[in-house]
Amino acid sequence: MTFDDVLRLAVIGAGGHGRVVLHTARSAGIDVVRLTDRRPERFPDGLDGCPVCSDEELLEEFSPREIRLALGVGSTGPIGSGHVRRAIVNRLMAAGYVFPPLIHAAAWVAESASLGQGVQIHAGAVVQPGSVIGDFSIINTGARVDHDCRLGSWVHAAPGATLSGDVEIREGTHVGTGASVIQGVRIGRECLIAAGAVVVNSVGDEETVAGVPARPLTRG
Ligand SMILES: CC(C)(COP(=O)(O)OP(=O)(O)OC[C@H]1O[C@@H](n2cnc3c(N)ncnc32)[C@H](O)[C@@H]1OP(=O)(O)O)[C@@H](O)C(=O)NCCC(=O)NCCS
């Protein structure tokens, strides 16, 4: 499945992130036919011109052959918050639905970068040569992934985050809004890098770090 094969898409989740995903897809010329929500009655007129239905209604109306899906449920950071997103995707993939990578028309992704399934590259983001972005990772608005970075699956580079060259980030880690990571740093799985942090040393699995330079977060 390549990005160019996607003609019709539905976005799972009609919250703030779902709306961003809707517009990323539209910018790339993709016809978004539905957003879904647990309470679609909240959107009697749809959202941004797109009809909103429940997941069940969507699956009844469109078979896996007729539609591709994008995950519109975002993540704000707290460790473990990714479980909901993973559960949604696992259920829909088990039913045969496919999540292609999505790239905003105003993002830039080097030809030699590699994107897994369900990856989202939003407006103003940059992914430089040789970088590998694992399945379902999000490179959010204006985030930058420089050359030869290796991101596992379910990583979130929040708006404005900057990863310098040759950074490795393992599965499920959240790099907060405006955080920066210097070149060559290794960050473990399921970490939380606080908004605005500057990471200059490697970070172990499941750690939360904050500040400049980033250190384990202490609560006063
Ligand atoms: C790190 C973070 C998760 C902490 O959230 P929290 O657990 O709710 O913590 P609190 O807000 O209760 O703050 C706890 C302490 O950490 C400090 N703190 C919180 N965020 C911080 C940050 N980004 N940098 C430095 N210190 C921070 C607080 O000032 C507080 O210090 P105190 O105990 O001395 O008063 C959160 O502030 C953060 O940065 N989240 C990332 C948000 C993000 O990237 N959003 C993107 C959405 S697309």
# chains A, B, ... in the order shown; residues from 1 in each chain; ligands from 1
>>> residues_near_ligand(ligand="ligand 1", cutoff="10 Å", atoms="only C-alpha atoms and all ligand atoms", output="ChimeraX atom specification")
/A:16-17,74-79,138,140-141,156-161,174-179,192-198,208-212,214-220
>>> write_last_selection(atoms="C-alpha atoms", output="mmCIF file, in the first residue's frame")
data_model
loop_
_atom_site.group_PDB
_atom_site.id
_atom_site.type_symbol
_atom_site.label_atom_id
_atom_site.label_comp_id
_atom_site.auth_asym_id
_atom_site.auth_seq_id
_atom_site.Cartn_x
_atom_site.Cartn_y
_atom_site.Cartn_z
ATOM 1 C CA GLY A 16 -8.850 17.815 17.856
ATOM 2 C CA HIS A 17 -6.354 15.364 16.417
ATOM 3 C CA GLY A 74 -4.190 11.792 19.469
ATOM 4 C CA SER A 75 -1.860 11.461 22.437
ATOM 5 C CA THR A 76 -0.929 14.175 24.897
ATOM 6 C CA GLY A 77 1.901 12.391 26.640
ATOM 7 C CA PRO A 78 1.143 10.555 29.890
ATOM 8 C CA ILE A 79 2.781 7.151 29.951
ATOM 9 C CA ILE A 138 3.098 10.785 14.455
ATOM 10 C CA ASN A 140 3.089 16.410 14.338
ATOM 11 C CA THR A 141 2.746 19.997 13.158
ATOM 12 C CA HIS A 156 4.816 10.859 18.935
ATOM 13 C CA ALA A 157 6.936 13.889 18.048
ATOM 14 C CA ALA A 158 4.533 16.575 19.281
ATOM 15 C CA PRO A 159 4.187 19.971 17.572
ATOM 16 C CA GLY A 160 7.521 21.732 17.103
ATOM 17 C CA ALA A 161 9.677 18.921 18.532
ATOM 18 C CA HIS A 174 6.264 10.855 23.521
ATOM 19 C CA VAL A 175 8.520 13.798 22.673
ATOM 20 C CA GLY A 176 6.634 16.819 24.015
ATOM 21 C CA THR A 177 5.781 20.068 22.319
ATOM 22 C CA GLY A 178 8.890 22.061 21.429
ATOM 23 C CA ALA A 179 11.311 19.578 22.991
ATOM 24 C CA LEU A 192 7.871 10.913 28.278
ATOM 25 C CA ILE A 193 9.995 13.861 27.205
ATOM 26 C CA ALA A 194 8.316 16.947 28.722
ATOM 27 C CA ALA A 195 7.364 19.941 26.620
ATOM 28 C CA GLY A 196 10.346 22.235 26.058
ATOM 29 C CA ALA A 197 12.967 19.776 27.345
ATOM 30 C CA VAL A 198 16.448 19.681 25.803
ATOM 31 C CA THR A 208 10.075 10.964 32.274
ATOM 32 C CA VAL A 209 12.547 13.809 31.784
ATOM 33 C CA ALA A 210 12.070 17.580 31.739
ATOM 34 C CA GLY A 211 14.009 20.831 31.643
ATOM 35 C CA VAL A 212 17.179 22.208 30.109
ATOM 36 C CA ALA A 214 16.606 17.339 30.597
ATOM 37 C CA ARG A 215 16.685 15.443 33.906
ATOM 38 C CA PRO A 216 14.243 13.028 35.552
ATOM 39 C CA LEU A 217 11.108 15.028 36.429
ATOM 40 C CA THR A 218 10.742 15.731 40.115
ATOM 41 C CA ARG A 219 7.541 17.008 41.566
ATOM 42 C CA GLY A 220 7.922 19.612 44.325
#
>>> atom_distance(atom1="atom CA of Gly82 of chain A", atom2="atom CA of Glu168 of chain A")
19.2 Å
>>> residues_around(residues="segment 22-36 of chain A", least_positions_apart="5", cutoff="10 Å", atoms="only C-alpha atoms", output="PyMOL selection string")
chain A and resi 3-15+17+46-58+67-72+101-107+120-123
>>> select_by_dssp(residues="segment 6-41 of chain A", states="strand (DSSP E or B)", output="list in words")
Arg8, Leu9, Ala10, Val11, Ile12, Asp31, Val32, Val33, Arg34, Leu35 and Thr36 of chain A
>>> atom_distance(atom1="atom CA of Arg91 of chain A", atom2="atom CA of Ile133 of chain A")
22.3 Å
>>> atom_distance(atom1="atom CA of Cys191 of chain A", atom2="atom CA of Asp205 of chain A")
6.0 Å
>>> select_by_dssp(residues="chain A", states="alpha helix (DSSP H)", output="count of residues only")
32
>>> closest_residue(among="A:Val73, A:Ile139, A:Leu151, A:Leu92", to="Glu171 of chain A", atoms="only C-alpha atoms")
A:Leu151
